[in-house]
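**Q** Quick one, run_34.txt (compact mmCIF, C-alpha atoms):
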# COMPACT_ATOMS: atom_id res chain seq x y z
CA MET A 106 0.00 0.00 0.00
CA PRO A 107 1.43 3.43 -0.87
CA PHE A 108 2.44 5.40 2.20
CA ASP A 109 0.77 8.74 2.83
CA ALA A 110 2.38 10.88 5.55
CA SER A 111 -0.99 12.49 6.30
CA THR A 112 -2.35 9.17 7.61
CA LEU A 113 -0.04 9.27 10.64
CA LYS A 114 -1.56 10.73 13.79
CA TYR A 115 -0.20 14.09 14.81
CA ASN A 116 -0.86 15.88 18.09
CA GLU A 117 -2.71 19.19 18.44
CA ALA A 118 0.53 20.96 17.39
CA GLY A 119 0.74 18.81 14.24
CA LEU A 120 3.67 16.80 15.58
CA ILE A 121 4.51 13.13 16.04
CA PRO A 122 7.35 11.76 18.20
CA ALA A 123 10.21 10.12 16.31
CA ILE A 124 12.70 7.80 17.99
CA ALA A 125 16.13 7.47 16.37
CA GLN A 126 17.91 4.14 16.81
CA ASP A 127 21.40 3.29 15.59
CA ALA A 128 20.91 0.76 12.79
CA THR A 129 24.07 -1.14 13.71
CA SER A 130 24.46 -0.99 17.50
CA HIS A 131 20.70 -0.68 18.08
CA GLU A 132 21.37 1.97 20.70
CA VAL A 133 18.45 4.37 21.14
CA LEU A 134 20.02 7.72 20.29
CA MET A 135 17.35 10.39 20.76
CA MET A 136 13.71 11.32 20.48
CA ALA A 137 12.52 14.41 18.65
CA TRP A 138 9.44 15.53 16.74
CA MET A 139 8.36 15.59 13.11
CA ASN A 140 5.43 17.16 11.33
CA ALA A 141 4.00 15.67 8.13
CA GLU A 142 6.35 17.69 5.95
CA ALA A 143 9.39 16.58 7.98
CA VAL A 144 8.24 12.98 7.47
CA GLU A 145 8.11 13.56 3.72
CA LYS A 146 11.50 15.30 3.66
CA THR A 147 13.06 12.47 5.66
CA LEU A 148 11.76 9.88 3.21
CA GLU A 149 12.60 11.92 0.11
CA THR A 150 16.11 12.98 1.09
CA GLY A 151 17.23 10.06 3.27
CA LYS A 152 18.46 12.66 5.77
CA VAL A 153 16.49 12.51 8.99
CA THR A 154 14.65 15.80 9.39
CA TYR A 155 12.80 16.88 12.51
CA TRP A 156 10.70 19.90 13.41
CA SER A 157 12.39 22.03 16.03
CA ARG A 158 9.79 23.11 18.56
CA SER A 159 12.10 25.76 20.05
CA ARG A 160 13.11 27.27 16.71
CA GLN A 161 9.80 26.49 14.93
CA ALA A 162 11.75 25.40 11.87
CA PHE A 163 12.83 22.26 10.05
CA TRP A 164 15.86 20.70 11.62
CA ILE A 165 17.92 18.59 9.23
CA LYS A 166 19.82 16.66 11.87
CA GLY A 167 23.53 17.41 11.66
CA GLU A 168 23.20 20.19 9.10
CA THR A 169 25.27 22.54 11.24
CA SER A 170 27.11 20.04 13.51
CA GLY A 171 27.90 17.48 10.82
CA HIS A 172 26.33 14.84 13.04
CA VAL A 173 23.95 13.68 10.34
CA GLN A 174 21.52 10.80 10.51
CA GLU A 175 21.36 8.81 7.30
CA LEU A 176 18.01 7.03 7.10
CA VAL A 177 18.28 3.24 6.97
CA ASP A 178 14.67 2.28 7.70
CA PHE A 179 11.51 4.25 8.47
CA ARG A 180 8.94 2.54 10.69
CA TYR A 181 5.84 3.54 12.60
CA ASP A 182 3.78 1.91 15.29
CA CYS A 183 0.41 0.14 15.50
CA ASP A 184 -1.41 3.31 16.55
CA GLN A 185 0.32 5.36 13.84
CA ASP A 186 1.26 7.91 16.48
CA CYS A 187 4.98 7.24 16.87
CA ILE A 188 7.85 6.88 14.39
CA LEU A 189 11.03 4.82 14.68
CA VAL A 190 13.90 5.70 12.35
CA LEU A 191 16.87 3.39 12.07
CA VAL A 192 19.87 5.50 11.18
CA ASN A 193 23.54 5.60 10.45
CA GLN A 194 24.63 8.23 12.96
CA THR A 195 27.74 10.26 12.29
CA GLY A 196 29.37 11.30 15.57
CA ALA A 197 27.23 12.28 18.53
CA ALA A 198 23.44 12.30 18.37
CA CYS A 199 23.23 14.45 21.51
CA HIS A 200 23.91 18.19 21.61
CA THR A 201 26.11 17.49 24.68
CA ASN A 202 28.41 15.60 22.28
CA ARG A 203 27.44 12.24 23.74
CA ARG A 204 26.62 9.41 21.41
CA SER A 205 23.08 9.11 22.83
CA CYS A 206 20.84 11.56 24.65
CA PHE A 207 19.89 8.82 27.13
CA TYR A 208 23.06 8.97 29.20
CA THR A 209 21.45 9.32 32.63
CA ALA A 210 20.14 6.30 34.53
CA VAL A 211 18.31 6.01 37.83
CA ARG A 212 19.73 3.20 39.97
CA ASP A 213 18.83 2.63 43.62
CA GLY A 214 17.24 6.06 43.69
CA GLU A 215 20.37 7.85 42.47
CA THR A 216 21.12 9.38 39.08
CA VAL A 217 24.11 7.83 37.32
CA GLU A 218 25.91 9.23 34.27
CA LEU A 219 26.44 6.39 31.81
CA MET A 220 28.64 8.04 29.21
CA LYS A 221 30.97 10.96 28.71
CA PRO A 222 31.03 13.38 25.80
CA MET A 223 32.81 11.91 22.78
CA GLY A 224 36.51 12.62 22.46
CA GLU A 225 36.96 13.17 26.20
CA MET B 90 22.38 12.73 43.17
CA PRO B 91 19.01 11.46 44.43
CA PHE B 92 16.45 11.19 41.65
CA ASP B 93 13.25 13.20 41.95
CA ALA B 94 10.52 12.30 39.46
CA SER B 95 9.18 15.85 39.62
CA THR B 96 12.37 17.17 37.97
CA LEU B 97 11.49 15.50 34.65
CA LYS B 98 9.68 17.70 32.15
CA TYR B 99 6.06 16.82 31.56
CA ASN B 100 3.82 18.23 28.85
CA GLU B 101 0.72 20.34 29.47
CA ALA B 102 -1.19 17.12 30.26
CA GLY B 103 1.43 16.16 32.85
CA LEU B 104 2.84 13.38 30.68
CA ILE B 105 6.28 12.37 29.38
CA PRO B 106 6.92 9.90 26.54
CA ALA B 107 8.55 6.61 27.56
CA ILE B 108 10.26 4.32 25.06
CA ALA B 109 10.48 0.63 25.98
CA GLN B 110 13.47 -1.27 24.61
CA ASP B 111 14.14 -4.98 25.02
CA ALA B 112 17.15 -5.23 27.33
CA THR B 113 18.49 -8.30 25.53
CA SER B 114 17.65 -7.95 21.83
CA HIS B 115 17.67 -4.11 21.98
CA GLU B 116 14.54 -4.09 19.84
CA VAL B 117 12.43 -0.97 20.37
CA LEU B 118 9.13 -2.41 21.56
CA MET B 119 6.73 0.48 22.07
CA MET B 120 6.27 4.07 23.17
CA ALA B 121 3.69 5.13 25.72
CA TRP B 122 3.27 7.86 28.30
CA MET B 123 3.96 8.23 32.02
CA ASN B 124 3.04 10.87 34.55
CA ALA B 125 5.22 11.57 37.61
CA GLU B 126 3.36 9.01 39.69
CA ALA B 127 3.76 6.33 36.99
CA VAL B 128 7.50 7.08 36.99
CA GLU B 129 7.59 6.55 40.75
CA LYS B 130 5.52 3.35 40.54
CA THR B 131 7.79 1.99 37.80
CA LEU B 132 10.89 2.60 39.91
CA GLU B 133 9.34 1.35 43.15
CA THR B 134 7.74 -1.83 41.79
CA GLY B 135 10.11 -2.74 38.95
CA LYS B 136 6.99 -3.25 36.81
CA VAL B 137 6.80 -0.73 34.00
CA THR B 138 3.70 1.39 34.57
CA TYR B 139 2.31 3.87 32.07
CA TRP B 140 -0.57 6.32 32.14
CA SER B 141 -3.31 5.33 29.72
CA ARG B 142 -4.52 8.44 27.94
CA SER B 143 -7.60 6.66 26.61
CA ARG B 144 -8.62 5.16 29.95
CA GLN B 145 -7.17 7.99 32.09
CA ALA B 146 -5.79 5.41 34.49
CA PHE B 147 -2.54 3.79 35.48
CA TRP B 148 -1.59 1.00 33.13
CA ILE B 149 0.65 -1.63 34.69
CA LYS B 150 1.87 -3.14 31.44
CA GLY B 151 0.77 -6.77 31.15
CA GLU B 152 -1.48 -6.70 34.21
CA THR B 153 -4.36 -8.16 32.22
CA SER B 154 -2.51 -9.71 29.24
CA GLY B 155 0.37 -11.20 31.21
CA HIS B 156 2.74 -9.44 28.82
CA VAL B 157 4.60 -7.71 31.63
CA GLN B 158 7.66 -5.51 31.34
CA GLU B 159 10.17 -6.10 34.10
CA LEU B 160 12.31 -3.01 34.52
CA VAL B 161 16.02 -3.58 33.89
CA ASP B 162 17.22 0.02 33.62
CA PHE B 163 15.50 3.40 33.79
CA ARG B 164 17.08 6.21 31.77
CA TYR B 165 16.11 9.69 30.65
CA ASP B 166 17.46 12.10 28.09
CA CYS B 167 19.52 15.29 28.15
CA ASP B 168 16.42 17.51 28.04
CA GLN B 169 14.70 15.46 30.75
CA ASP B 170 11.65 15.23 28.54
CA CYS B 171 11.83 11.62 27.38
CA ILE B 172 12.31 8.31 29.22
CA LEU B 173 13.93 5.11 27.99
CA VAL B 174 13.16 1.93 29.92
CA LEU B 175 15.15 -1.21 29.22
CA VAL B 176 12.92 -4.17 29.98
CA ASN B 177 12.54 -7.89 30.06
CA GLN B 178 9.41 -8.27 27.92
CA THR B 179 7.20 -11.30 28.43
CA GLY B 180 5.42 -12.19 25.19
CA ALA B 181 4.19 -9.46 22.88
CA ALA B 182 4.62 -5.79 23.70
CA CYS B 183 1.98 -4.82 21.11
CA HIS B 184 -1.76 -5.17 21.60
CA THR B 185 -1.85 -6.80 18.13
CA ASN B 186 0.17 -9.65 19.69
CA ARG B 187 3.30 -8.68 17.80
CA ARG B 188 6.58 -8.53 19.65
CA SER B 189 7.00 -4.82 18.84
CA CYS B 190 4.53 -2.09 17.94
CA PHE B 191 6.89 -0.91 15.18
CA TYR B 192 6.03 -3.60 12.66
CA THR B 193 5.28 -1.34 9.70
CA ALA B 194 8.06 0.06 7.52
CA VAL B 195 7.96 2.46 4.58
CA ARG B 196 10.19 1.29 1.75
CA ASP B 197 10.21 2.81 -1.74
CA GLY B 198 7.00 4.64 -0.88
CA GLU B 199 5.14 1.47 0.09
CA THR B 200 4.14 0.21 3.53
CA VAL B 201 5.63 -3.17 4.41
CA GLU B 202 4.58 -5.40 7.32
CA LEU B 203 7.75 -6.61 9.06
CA MET B 204 6.35 -9.12 11.52
CA LYS B 205 3.32 -11.29 12.14
CA PRO B 206 1.45 -11.71 15.41
CA MET B 207 3.22 -14.14 17.74
CA GLY B 208 2.21 -17.78 17.52
CA GLU B 209 0.99 -17.45 13.92
Let me see the file written as structure tokens.

**A**
Amino acid sequence: MPFDASTLKYNEAGLIPAIAQDATSHEVLMMAWMNAEAVEKTLETGKVTYWSRSRQAFWIKGETSGHVQELVDFRYDCDQDCILVLVNQTGAACHTNRRSCFYTAVRDGETVELMKPMGE
Amino acid sequence: MPFDASTLKYNEAGLIPAIAQDATSHEVLMMAWMNAEAVEKTLETGKVTYWSRSRQAFWIKGETSGHVQELVDFRYDCDQDCILVLVNQTGAACHTNRRSCFYTAVRDGETVELMKPMGE
């Protein structure tokens, strides 16, 4: 069946959460938001493109940092209200220069930092 | 540093997205929502507990289906607005009886079903 980006379910702001997972290591790298046009751009260009809620603009991941996400597979869930992109991640996915944004764990009630910024 | 669930960032409905990932296979299983109390329950009980937006009630994953998620590690992201739980998943994570909710891919403009319901 042909895919139509408008059939996904967007929230009241027109956005859908998108999880980025490393296609090789399977590490979950980050979660950000897309609108229907960002979904189309991601599929058309093969460069994962989000919608920046703070800047209210398209956010071609890595366009300024070089930390691009090359699309390997585009998936969505049973409720059509969440996207999973498998990606080839160049460098750090996180703006803190860590490979993944999910570098903080809670263990025995304490927060634990799981990884350092890359190159340190 | 002691963890305080109230320091996470919740949306206007008091909810934060939570991604569940299989701790062994690293498959991304599903995404659902938690409120601060669901975060606390998840950490206290070791049973992943969401907030059901449709039922407006706590949703101890697998309580009725038996498809429980045993918490292995609780993580959150740099912006404190998304949770990642690593879990031991019993059976199917998806209500369609598939292992993962992300069973639909978009390839060359077409939707492709990646997995069948379990036991079929």

**Q** What is the CA of Phe179 (chain A) to CA of Thr138 (chain B) distance in Å?

**A**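 Spanning CA of Phe179 (chain A) to CA of Thr138 (chain B) is a straight-line distance of 27.4 Å.
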
**Q** For CA of Asp184 (chain A) and CA of Thr200 (chain B), quote the distance in Å rounded to one decimal.

**A**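 Value for the CA of Asp184 (chain A)-CA of Thr200 (chain B) distance: 14.5 Å.
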
**Q** Find the nearest atom pair between each residue of chain B and chain A for residues within 8 Å, count all atoms listed in the file, give distances in Å to one decimal, sort rows by chain and ascending number, and present the table as a Markdown table.

**A**
| residue | atom | partner | partner_atom | distance |
| --- | --- | --- | --- | --- |
| B:Met90 | CA | A:Glu215 | CA | 5.3 |
| B:Pro91 | CA | A:Glu215 | CA | 4.3 |
| B:Phe92 | CA | A:Glu215 | CA | 5.2 |
| B:His115 | CA | A:His131 | CA | 6.0 |
| B:Glu116 | CA | A:His131 | CA | 7.3 |
| B:Met119 | CA | A:Asp182 | CA | 7.5 |
| B:Met120 | CA | A:Cys187 | CA | 7.2 |
| B:Asp162 | CA | A:Ala210 | CA | 7.0 |
| B:Phe163 | CA | A:Ala210 | CA | 5.5 |
| B:Arg164 | CA | A:Ala210 | CA | 4.1 |
| B:Tyr165 | CA | A:Phe207 | CA | 5.2 |
| B:Asp166 | CA | A:Phe207 | CA | 4.2 |
| B:Cys167 | CA | A:Cys206 | CA | 5.3 |
| B:Cys171 | CA | A:Met136 | CA | 7.2 |
| B:Ile172 | CA | A:Phe207 | CA | 7.9 |
| B:Leu173 | CA | A:Phe207 | CA | 7.1 |
| B:Cys183 | CA | A:Cys183 | CA | 7.7 |
| B:Thr185 | CA | A:Cys183 | CA | 7.8 |
| B:Cys190 | CA | A:Asp182 | CA | 4.9 |
| B:Phe191 | CA | A:Asp182 | CA | 4.2 |
| B:Tyr192 | CA | A:Asp182 | CA | 6.5 |
| B:Thr193 | CA | A:Arg180 | CA | 5.4 |
| B:Ala194 | CA | A:Arg180 | CA | 4.1 |
| B:Val195 | CA | A:Phe179 | CA | 5.6 |
| B:Arg196 | CA | A:Phe179 | CA | 7.5 |
| B:Gly198 | CA | A:Phe108 | CA | 5.6 |
| B:Glu199 | CA | A:Pro107 | CA | 4.3 |
| B:Thr200 | CA | A:Met106 | CA | 5.4 |
| B:Val201 | CA | A:Met106 | CA | 7.8 |

**Q** Selection from above, C-alpha atoms, as a JSON list (two decimals), in the coordinates of the input, can you write it?

**A**
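Now in result38.json:
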[["chain", "number", "residue", "atom", "x", "y", "z"],
["B", 90, "MET", "CA", 22.38, 12.73, 43.17],
["B", 91, "PRO", "CA", 19.01, 11.46, 44.43],
["B", 92, "PHE", "CA", 16.45, 11.19, 41.65],
["B", 115, "HIS", "CA", 17.67, -4.11, 21.98],
["B", 116, "GLU", "CA", 14.54, -4.09, 19.84],
["B", 119, "MET", "CA", 6.73, 0.48, 22.07],
["B", 120, "MET", "CA", 6.27, 4.07, 23.17],
["B", 162, "ASP", "CA", 17.22, 0.02, 33.62],
["B", 163, "PHE", "CA", 15.50, 3.40, 33.79],
["B", 164, "ARG", "CA", 17.08, 6.21, 31.77],
["B", 165, "TYR", "CA", 16.11, 9.69, 30.65],
["B", 166, "ASP", "CA", 17.46, 12.10, 28.09],
["B", 167, "CYS", "CA", 19.52, 15.29, 28.15],
["B", 171, "CYS", "CA", 11.83, 11.62, 27.38],
["B", 172, "ILE", "CA", 12.31, 8.31, 29.22],
["B", 173, "LEU", "CA", 13.93, 5.11, 27.99],
["B", 183, "CYS", "CA", 1.98, -4.82, 21.11],
["B", 185, "THR", "CA", -1.85, -6.80, 18.13],
["B", 190, "CYS", "CA", 4.53, -2.09, 17.94],
["B", 191, "PHE", "CA", 6.89, -0.91, 15.18],
["B", 192, "TYR", "CA", 6.03, -3.60, 12.66],
["B", 193, "THR", "CA", 5.28, -1.34, 9.70],
["B", 194, "ALA", "CA", 8.06, 0.06, 7.52],
["B", 195, "VAL", "CA", 7.96, 2.46, 4.58],
["B", 196, "ARG", "CA", 10.19, 1.29, 1.75],
["B", 198, "GLY", "CA", 7.00, 4.64, -0.88],
["B", 199, "GLU", "CA", 5.14, 1.47, 0.09],
["B", 200, "THR", "CA", 4.14, 0.21, 3.53],
["B", 201, "VAL", "CA", 5.63, -3.17, 4.41]]

**Q** Name the closest residue to Asp127 (chain A) among the candidates A:Met220, A:Ala198, A:Val192, A:Ala141; distances are taken between atoms, counting all atoms listed in the file.

**A**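 Going through A:Met220, A:Ala198, A:Val192, A:Ala141 one by one, the smallest distance to Asp127 (chain A) is for A:Val192.
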
**Q** Report, in Å with one decimal, the straight-line distance from CA of Pro222 (chain A) to CA of Ala128 (chain A).

**A** 20.8 Å

**Q** Give me region 150-174 of chain A with N, CA and C atoms filled in, as an mmCIF file, in the frame of the given file.

**A**
data_model
loop_
_atom_site.group_PDB
_atom_site.id
_atom_site.type_symbol
_atom_site.label_atom_id
_atom_site.label_comp_id
_atom_site.auth_asym_id
_atom_site.auth_seq_id
_atom_site.Cartn_x
_atom_site.Cartn_y
_atom_site.Cartn_z
ATOM 1 N N THR A 150 14.685 12.629 1.128
ATOM 2 C CA THR A 150 16.110 12.980 1.090
ATOM 3 C C THR A 150 16.998 11.894 1.695
ATOM 4 N N GLY A 151 16.412 11.033 2.555
ATOM 5 C CA GLY A 151 17.230 10.060 3.270
ATOM 6 C C GLY A 151 18.043 10.679 4.387
ATOM 7 N N LYS A 152 17.823 11.963 4.635
ATOM 8 C CA LYS A 152 18.460 12.660 5.770
ATOM 9 C C LYS A 152 17.371 12.908 6.800
ATOM 10 N N VAL A 153 17.554 12.391 8.010
ATOM 11 C CA VAL A 153 16.490 12.510 8.990
ATOM 12 C C VAL A 153 16.277 13.975 9.356
ATOM 13 N N THR A 154 15.022 14.405 9.222
ATOM 14 C CA THR A 154 14.650 15.800 9.390
ATOM 15 C C THR A 154 13.532 15.912 10.416
ATOM 16 N N TYR A 155 13.790 16.677 11.456
ATOM 17 C CA TYR A 155 12.800 16.880 12.510
ATOM 18 C C TYR A 155 12.195 18.277 12.372
ATOM 19 N N TRP A 156 11.227 18.556 13.260
ATOM 20 C CA TRP A 156 10.700 19.900 13.410
ATOM 21 C C TRP A 156 11.166 20.399 14.769
ATOM 22 N N SER A 157 11.907 21.470 14.775
ATOM 23 C CA SER A 157 12.390 22.030 16.030
ATOM 24 C C SER A 157 11.289 22.847 16.680
ATOM 25 N N ARG A 158 10.853 22.385 17.858
ATOM 26 C CA ARG A 158 9.790 23.110 18.560
ATOM 27 C C ARG A 158 10.293 24.438 19.092
ATOM 28 N N SER A 159 11.577 24.496 19.487
ATOM 29 C CA SER A 159 12.100 25.760 20.050
ATOM 30 C C SER A 159 12.327 26.788 18.941
ATOM 31 N N ARG A 160 12.818 26.325 17.792
ATOM 32 C CA ARG A 160 13.110 27.270 16.710
ATOM 33 C C ARG A 160 11.937 27.413 15.739
ATOM 34 N N GLN A 161 10.933 26.492 15.861
ATOM 35 C CA GLN A 161 9.800 26.490 14.930
ATOM 36 C C GLN A 161 10.288 26.478 13.485
ATOM 37 N N ALA A 162 11.159 25.488 13.200
ATOM 38 C CA ALA A 162 11.750 25.400 11.870
ATOM 39 C C ALA A 162 12.152 23.951 11.621
ATOM 40 N N PHE A 163 12.308 23.591 10.347
ATOM 41 C CA PHE A 163 12.830 22.260 10.050
ATOM 42 C C PHE A 163 14.243 22.148 10.586
ATOM 43 N N TRP A 164 14.568 20.954 10.990
ATOM 44 C CA TRP A 164 15.860 20.700 11.620
ATOM 45 C C TRP A 164 16.421 19.451 10.932
ATOM 46 N N ILE A 165 17.234 19.695 9.896
ATOM 47 C CA ILE A 165 17.920 18.590 9.230
ATOM 48 C C ILE A 165 19.060 18.197 10.157
ATOM 49 N N LYS A 166 18.879 17.066 10.815
ATOM 50 C CA LYS A 166 19.820 16.660 11.870
ATOM 51 C C LYS A 166 21.246 16.667 11.342
ATOM 52 N N GLY A 167 22.119 17.389 12.018
ATOM 53 C CA GLY A 167 23.530 17.410 11.660
ATOM 54 C C GLY A 167 23.898 18.455 10.627
ATOM 55 N N GLU A 168 22.911 19.226 10.170
ATOM 56 C CA GLU A 168 23.200 20.190 9.100
ATOM 57 C C GLU A 168 24.269 21.193 9.523
ATOM 58 N N THR A 169 24.226 21.615 10.782
ATOM 59 C CA THR A 169 25.270 22.540 11.240
ATOM 60 C C THR A 169 26.411 21.801 11.943
ATOM 61 N N SER A 170 26.080 20.747 12.708
ATOM 62 C CA SER A 170 27.110 20.040 13.510
ATOM 63 C C SER A 170 27.880 19.008 12.690
ATOM 64 N N GLY A 171 27.301 18.582 11.564
ATOM 65 C CA GLY A 171 27.900 17.480 10.820
ATOM 66 C C GLY A 171 27.491 16.115 11.345
ATOM 67 N N HIS A 172 26.739 16.113 12.435
ATOM 68 C CA HIS A 172 26.330 14.840 13.040
ATOM 69 C C HIS A 172 25.025 14.354 12.419
ATOM 70 N N VAL A 173 25.130 14.035 11.133
ATOM 71 C CA VAL A 173 23.950 13.680 10.340
ATOM 72 C C VAL A 173 23.432 12.289 10.692
ATOM 73 N N GLN A 174 22.165 12.102 10.381
ATOM 74 C CA GLN A 174 21.520 10.800 10.510
ATOM 75 C C GLN A 174 21.054 10.360 9.134
#
